[in-house]
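K.L.:
The structure's right below; bear with me while I get my questions together.
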Amino acid sequence: MLNGLDAVVYDIQDVGSRSYTFISTLGLMMRACAEQGIEVIVLDRPNPLGGEKVEGCPVEDGYHSFVSEFKIPYVYGLTVGELAQLINEEGLNCGEKGDQAPLKCKLTVVPMRGWRRSMTFVETGLPWVLPSPNIPYPQSAIDYPCAGIAGELGYVNIGVGYTLPFETFAAEWIDAYALKAKLDSYGIPGVSFRTIHYTPISGSAAGHLIHGVQYFFTDYAKAELTLTQFYV
């Protein structure tokens, strides 16, 4: 597919969490371009979570996959341009076995103007173009690492299949008021909960009234995003 190309341009909005696979595609493309001597040009974009949130352990050896392509934290606090520079300097083959020399591509990052690390996407004033159906708003990108791991377990509905993707934790068997009371008792920094009852329109709970909590941030700077689902 790369035959005859002088350069490949990456111009995609990321969401700031390791398991969202746009960055995995970027790294694999960079690796292929390095092998073919083709330049990669990355048009930098804001990290929707801001540049000050870093959470979770790096990927362990033996557990690299398309949702964990690089040895980075789950919430990695970098713009896509910064991430491209990081993985290029460390070597695009660093997750492979053997003692081969680090593989690097010819990389050009076109920087942003006016972005500061403290900015969430809303604070940039830019229009949000949804990168996928379940990330319809900038807030959805922030909510994704808060609930997405729990959603993969299939144990509770997290708002996917309803109008609140990654914003809820609910199931038919949950006592919403007891769950809220339990979560309130933890005094979780920067996060609060309210009860919610809704009927998903798709997914395994479609057509069933389910009960649980919707969470929201009272102090985003203090909140530990990925821990939210583990408290639940």
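Here, A, B, ... name the chains of the structure tokens in the order displayed, residue numbers run from 1 inside each chain, and ligands are numbered from 1 in the same displayed order.
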Determine, for each residue of region 19-61 of chain A having at least one atom at most 9 Å from an atom of region 113-129 of chain A, the closest pair of atoms and their separation in Å to one decimal, counting only C-alpha atoms; order by chain and ascending number, as CSV.

P.N.:
```
residue,atom,partner,partner_atom,distance
A:Pro46,CA,A:Phe121,CA,6.7
A:Asn47,CA,A:Phe121,CA,7.0
A:Pro48,CA,A:Phe121,CA,4.5
A:Leu49,CA,A:Thr120,CA,5.2
A:Gly50,CA,A:Thr120,CA,4.4
A:Gly51,CA,A:Arg117,CA,4.3
A:Glu52,CA,A:Arg117,CA,6.2
```

K.L.:
Can I get the selected residues back with all heavy atoms, as a PDB file, in the first residue's frame?

P.N.:
```pdb
ATOM      1  N   PRO A  46      -4.947  18.726  19.909  1.00  0.00           N
ATOM      2  CA  PRO A  46      -5.021  18.759  21.375  1.00  0.00           C
ATOM      3  C   PRO A  46      -5.338  17.387  21.965  1.00  0.00           C
ATOM      4  O   PRO A  46      -6.075  16.605  21.366  1.00  0.00           O
ATOM      5  CB  PRO A  46      -6.170  19.735  21.661  1.00  0.00           C
ATOM      6  CG  PRO A  46      -6.322  20.552  20.423  1.00  0.00           C
ATOM      7  CD  PRO A  46      -5.934  19.639  19.294  1.00  0.00           C
ATOM      8  N   ASN A  47      -4.781  17.109  23.135  1.00  0.00           N
ATOM      9  CA  ASN A  47      -5.230  15.964  23.918  1.00  0.00           C
ATOM     10  C   ASN A  47      -6.507  16.397  24.638  1.00  0.00           C
ATOM     11  O   ASN A  47      -6.469  17.339  25.430  1.00  0.00           O
ATOM     12  CB  ASN A  47      -4.153  15.567  24.925  1.00  0.00           C
ATOM     13  CG  ASN A  47      -4.503  14.304  25.695  1.00  0.00           C
ATOM     14  OD1 ASN A  47      -5.658  14.072  26.026  1.00  0.00           O
ATOM     15  ND2 ASN A  47      -3.505  13.495  25.998  1.00  0.00           N
ATOM     16  N   PRO A  48      -7.650  15.749  24.377  1.00  0.00           N
ATOM     17  CA  PRO A  48      -8.917  16.212  24.965  1.00  0.00           C
ATOM     18  C   PRO A  48      -8.932  16.191  26.492  1.00  0.00           C
ATOM     19  O   PRO A  48      -9.713  16.911  27.113  1.00  0.00           O
ATOM     20  CB  PRO A  48      -9.950  15.236  24.405  1.00  0.00           C
ATOM     21  CG  PRO A  48      -9.324  14.652  23.202  1.00  0.00           C
ATOM     22  CD  PRO A  48      -7.855  14.614  23.482  1.00  0.00           C
ATOM     23  N   LEU A  49      -8.074  15.371  27.109  1.00  0.00           N
ATOM     24  CA  LEU A  49      -8.007  15.289  28.566  1.00  0.00           C
ATOM     25  C   LEU A  49      -7.109  16.361  29.154  1.00  0.00           C
ATOM     26  O   LEU A  49      -6.996  16.477  30.376  1.00  0.00           O
ATOM     27  CB  LEU A  49      -7.482  13.913  29.003  1.00  0.00           C
ATOM     28  CG  LEU A  49      -8.124  12.678  28.367  1.00  0.00           C
ATOM     29  CD1 LEU A  49      -7.576  11.418  29.007  1.00  0.00           C
ATOM     30  CD2 LEU A  49      -9.626  12.722  28.469  1.00  0.00           C
ATOM     31  N   GLY A  50      -6.464  17.145  28.297  1.00  0.00           N
ATOM     32  CA  GLY A  50      -5.428  18.056  28.745  1.00  0.00           C
ATOM     33  C   GLY A  50      -4.095  17.339  28.798  1.00  0.00           C
ATOM     34  O   GLY A  50      -4.014  16.117  28.617  1.00  0.00           O
ATOM     35  N   GLY A  51      -3.045  18.081  29.057  1.00  0.00           N
ATOM     36  CA  GLY A  51      -1.709  17.499  29.072  1.00  0.00           C
ATOM     37  C   GLY A  51      -1.149  17.262  30.453  1.00  0.00           C
ATOM     38  O   GLY A  51       0.061  17.074  30.614  1.00  0.00           O
ATOM     39  N   GLU A  52      -2.023  17.256  31.476  1.00  0.00           N
ATOM     40  CA  GLU A  52      -1.541  17.113  32.851  1.00  0.00           C
ATOM     41  C   GLU A  52      -2.074  15.854  33.544  1.00  0.00           C
ATOM     42  O   GLU A  52      -1.733  15.609  34.695  1.00  0.00           O
ATOM     43  CB  GLU A  52      -1.927  18.354  33.659  1.00  0.00           C
ATOM     44  CG  GLU A  52      -1.286  19.616  33.124  1.00  0.00           C
ATOM     45  CD  GLU A  52      -1.658  20.880  33.875  1.00  0.00           C
ATOM     46  OE1 GLU A  52      -2.689  20.878  34.571  1.00  0.00           O
ATOM     47  OE2 GLU A  52      -0.930  21.868  33.760  1.00  0.00           O
TER      48      GLU A  52
END
```

K.L.:
Which residues are close to Gly161 (chain A), i.e. within 10 Å by only C-alpha atoms, leaving aside same-chain residues fewer than 2 positions away? Reply as a list in words.

P.N.:
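Final neighbour list, sorted by chain and number: Asn134, Asn157, Ile158, Gly159, Thr163, Leu164, Pro165, Phe166, Thr199, Pro200, Ile201, Ser202, Gly203, Ser204, Ala205 and Ala206 of chain A.
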
K.L.:
Nearest to Cys105 (chain A): which of A:Glu69, A:Glu152, A:Glu39, A:Asp44 is it, counting only C-alpha atoms?

P.N.:
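Once distances to Cys105 (chain A) are computed over only C-alpha atoms, the minimum belongs to A:Glu39.
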
K.L.:
I'd like the contact shell of Cys57 (chain A) - 12 Å cut-off, only C-alpha atoms, skipping same-chain residues fewer than 2 positions apart - returned as a list in words.

P.N.:
Arg18, Val54, Glu55, Val59, Glu60, Asp61, Ser68, Phe70, Lys71, Ile72, Pro73, Tyr74, Val75, Tyr76 and Thr226 of chain A

K.L.:
Quick one, how far is CA of Phe230 (chain A) from CA of Pro133 (chain A)?

P.N.:
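For CA of Phe230 (chain A) relative to CA of Pro133 (chain A), the distance reads 24.9 Å.
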
K.L.:
Name the residues of region 66-228 of chain A that come out as alpha helix (DSSP H) in a backbone DSSP run; write them as a PyMOL selection string.

P.N.:
chain A and resi 80-90+121-124+138-152+176-185+228

K.L.:
What is the distance between CA of Gly37 (chain A) and CA of Asp6 (chain A), in Å to one decimal?

P.N.:
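Atom-to-atom, CA of Gly37 (chain A) and CA of Asp6 (chain A) are spaced 8.7 Å apart.
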
K.L.:
Residues of region 85-226 of chain A classed as strand (DSSP E or B) by DSSP on the backbone are to be reported as a list in words.

P.N.:
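Across region 85-226 of chain A, those assigned strand (DSSP E or B) are Leu107, Thr108, Val109, Val110, Asn157, Val160, Tyr162, Thr163, Thr168, Phe169, Ala170, Ala171, Val191, Ser192, Phe193, Arg194, Thr195, Ile196, His197, Tyr198, Ile210, His211, Gly212, Val213, Gln214, Tyr215, Phe216 and Phe217 of chain A.
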
K.L.:
Please save N, CA, C and O atoms of the selected residues as a compact mmCIF listing (two decimals), in the first residue's frame.

P.N.:
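Result file follows (part_16.txt):
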```txt
# COMPACT_ATOMS: atom_id res chain seq x y z
N LEU A 107 10.44 11.60 10.72
CA LEU A 107 9.21 12.13 11.32
C LEU A 107 9.22 13.64 11.34
O LEU A 107 10.18 14.27 11.79
N THR A 108 8.13 14.24 10.88
CA THR A 108 7.91 15.68 11.00
C THR A 108 6.60 15.90 11.72
O THR A 108 5.56 15.36 11.32
N VAL A 109 6.64 16.68 12.81
CA VAL A 109 5.43 17.03 13.55
C VAL A 109 5.12 18.50 13.28
O VAL A 109 5.96 19.37 13.54
N VAL A 110 3.95 18.77 12.74
CA VAL A 110 3.51 20.15 12.53
C VAL A 110 2.83 20.61 13.82
O VAL A 110 1.76 20.09 14.17
N ASN A 157 -23.94 -1.93 32.34
CA ASN A 157 -24.06 -1.01 31.22
C ASN A 157 -23.41 0.31 31.60
O ASN A 157 -23.62 0.82 32.71
N VAL A 160 -23.25 3.10 26.95
CA VAL A 160 -23.12 2.77 25.53
C VAL A 160 -24.38 1.99 25.13
O VAL A 160 -24.77 1.04 25.81
N TYR A 162 -27.08 3.82 24.85
CA TYR A 162 -28.02 4.84 25.29
C TYR A 162 -27.45 6.18 24.86
O TYR A 162 -26.52 6.24 24.05
N THR A 163 -27.96 7.26 25.40
CA THR A 163 -27.51 8.60 24.98
C THR A 163 -26.40 9.16 25.85
O THR A 163 -26.00 10.31 25.69
N THR A 168 -22.33 6.29 32.75
CA THR A 168 -23.17 5.63 33.75
C THR A 168 -22.62 4.25 34.11
O THR A 168 -21.78 3.68 33.41
N PHE A 169 -23.15 3.73 35.22
CA PHE A 169 -22.93 2.34 35.62
C PHE A 169 -24.29 1.82 36.07
O PHE A 169 -24.83 2.28 37.09
N ALA A 170 -24.87 0.89 35.31
CA ALA A 170 -26.24 0.47 35.62
C ALA A 170 -26.49 -0.97 35.18
O ALA A 170 -25.83 -1.49 34.29
N ALA A 171 -27.47 -1.59 35.82
CA ALA A 171 -27.92 -2.94 35.47
C ALA A 171 -29.30 -3.16 36.08
O ALA A 171 -29.72 -2.41 36.97
N VAL A 191 -15.20 13.70 42.25
CA VAL A 191 -16.25 12.97 41.53
C VAL A 191 -17.48 12.85 42.42
O VAL A 191 -17.36 12.55 43.62
N SER A 192 -18.67 13.07 41.84
CA SER A 192 -19.92 12.87 42.56
C SER A 192 -20.86 12.01 41.70
O SER A 192 -20.63 11.84 40.50
N PHE A 193 -21.89 11.49 42.34
CA PHE A 193 -22.80 10.56 41.69
C PHE A 193 -24.25 10.97 41.91
O PHE A 193 -24.59 11.55 42.95
N ARG A 194 -25.10 10.63 40.94
CA ARG A 194 -26.55 10.75 41.12
C ARG A 194 -27.20 9.48 40.61
O ARG A 194 -26.64 8.78 39.76
N THR A 195 -28.37 9.17 41.15
CA THR A 195 -29.07 7.97 40.70
C THR A 195 -29.65 8.19 39.31
O THR A 195 -29.96 9.32 38.92
N ILE A 196 -29.79 7.10 38.56
CA ILE A 196 -30.34 7.18 37.21
C ILE A 196 -31.04 5.87 36.88
O ILE A 196 -30.64 4.79 37.35
N HIS A 197 -32.12 5.98 36.08
CA HIS A 197 -32.88 4.82 35.61
C HIS A 197 -33.16 5.06 34.14
O HIS A 197 -33.68 6.11 33.77
N TYR A 198 -32.81 4.11 33.28
CA TYR A 198 -33.00 4.34 31.84
C TYR A 198 -33.12 3.00 31.12
O TYR A 198 -32.79 1.93 31.65
N ILE A 210 -32.98 -0.28 33.41
CA ILE A 210 -31.83 -0.57 34.27
C ILE A 210 -31.62 0.59 35.24
O ILE A 210 -32.09 1.71 35.01
N HIS A 211 -30.87 0.32 36.31
CA HIS A 211 -30.77 1.25 37.43
C HIS A 211 -29.30 1.37 37.84
O HIS A 211 -28.55 0.41 37.76
N GLY A 212 -28.92 2.55 38.28
CA GLY A 212 -27.54 2.73 38.71
C GLY A 212 -27.21 4.18 39.00
O GLY A 212 -28.05 4.92 39.54
N VAL A 213 -26.00 4.58 38.62
CA VAL A 213 -25.55 5.94 38.89
C VAL A 213 -24.97 6.56 37.63
O VAL A 213 -24.43 5.87 36.76
N GLN A 214 -25.09 7.86 37.55
CA GLN A 214 -24.37 8.68 36.59
C GLN A 214 -23.37 9.50 37.40
O GLN A 214 -23.71 10.03 38.46
N TYR A 215 -22.15 9.61 36.92
CA TYR A 215 -21.13 10.36 37.66
C TYR A 215 -20.84 11.68 36.94
O TYR A 215 -21.09 11.84 35.75
N PHE A 216 -20.32 12.62 37.68
CA PHE A 216 -19.92 13.90 37.12
C PHE A 216 -18.78 14.46 37.96
O PHE A 216 -18.55 14.02 39.10
N PHE A 217 -18.05 15.39 37.38
CA PHE A 217 -16.86 15.91 38.04
C PHE A 217 -17.16 17.23 38.75
O PHE A 217 -17.71 18.16 38.16
```

K.L.:
Using only C-alpha atoms, find the one residue out of A:Asn88, A:Gln229, A:Thr25, A:Ser17 that sits nearest to Tyr155 (chain A).

P.N.:
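Of A:Asn88, A:Gln229, A:Thr25, A:Ser17, the one nearest Tyr155 (chain A), counting only C-alpha atoms, is A:Gln229.
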
K.L.:
If we count only C-alpha atoms and set the cut-off at 10 Å, which residues sit around Phe66 (chain A), ignoring sequence neighbours fewer than 6 positions away in its own chain? Please answer as a list in words.

P.N.:
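Counting only the stated atoms, we get Arg18, Ser19, Tyr20, Thr21, Phe22, Ile23, Ser24, Thr25 and Leu28 of chain A.
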
K.L.:
Point out the residue among A:Ala7, A:Leu78, A:Leu225, A:Ala141 with the least atom-to-atom distance to Lys106 (chain A), counting only C-alpha atoms.

P.N.:
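Of all the options, A:Ala7 lies closest to Lys106 (chain A).
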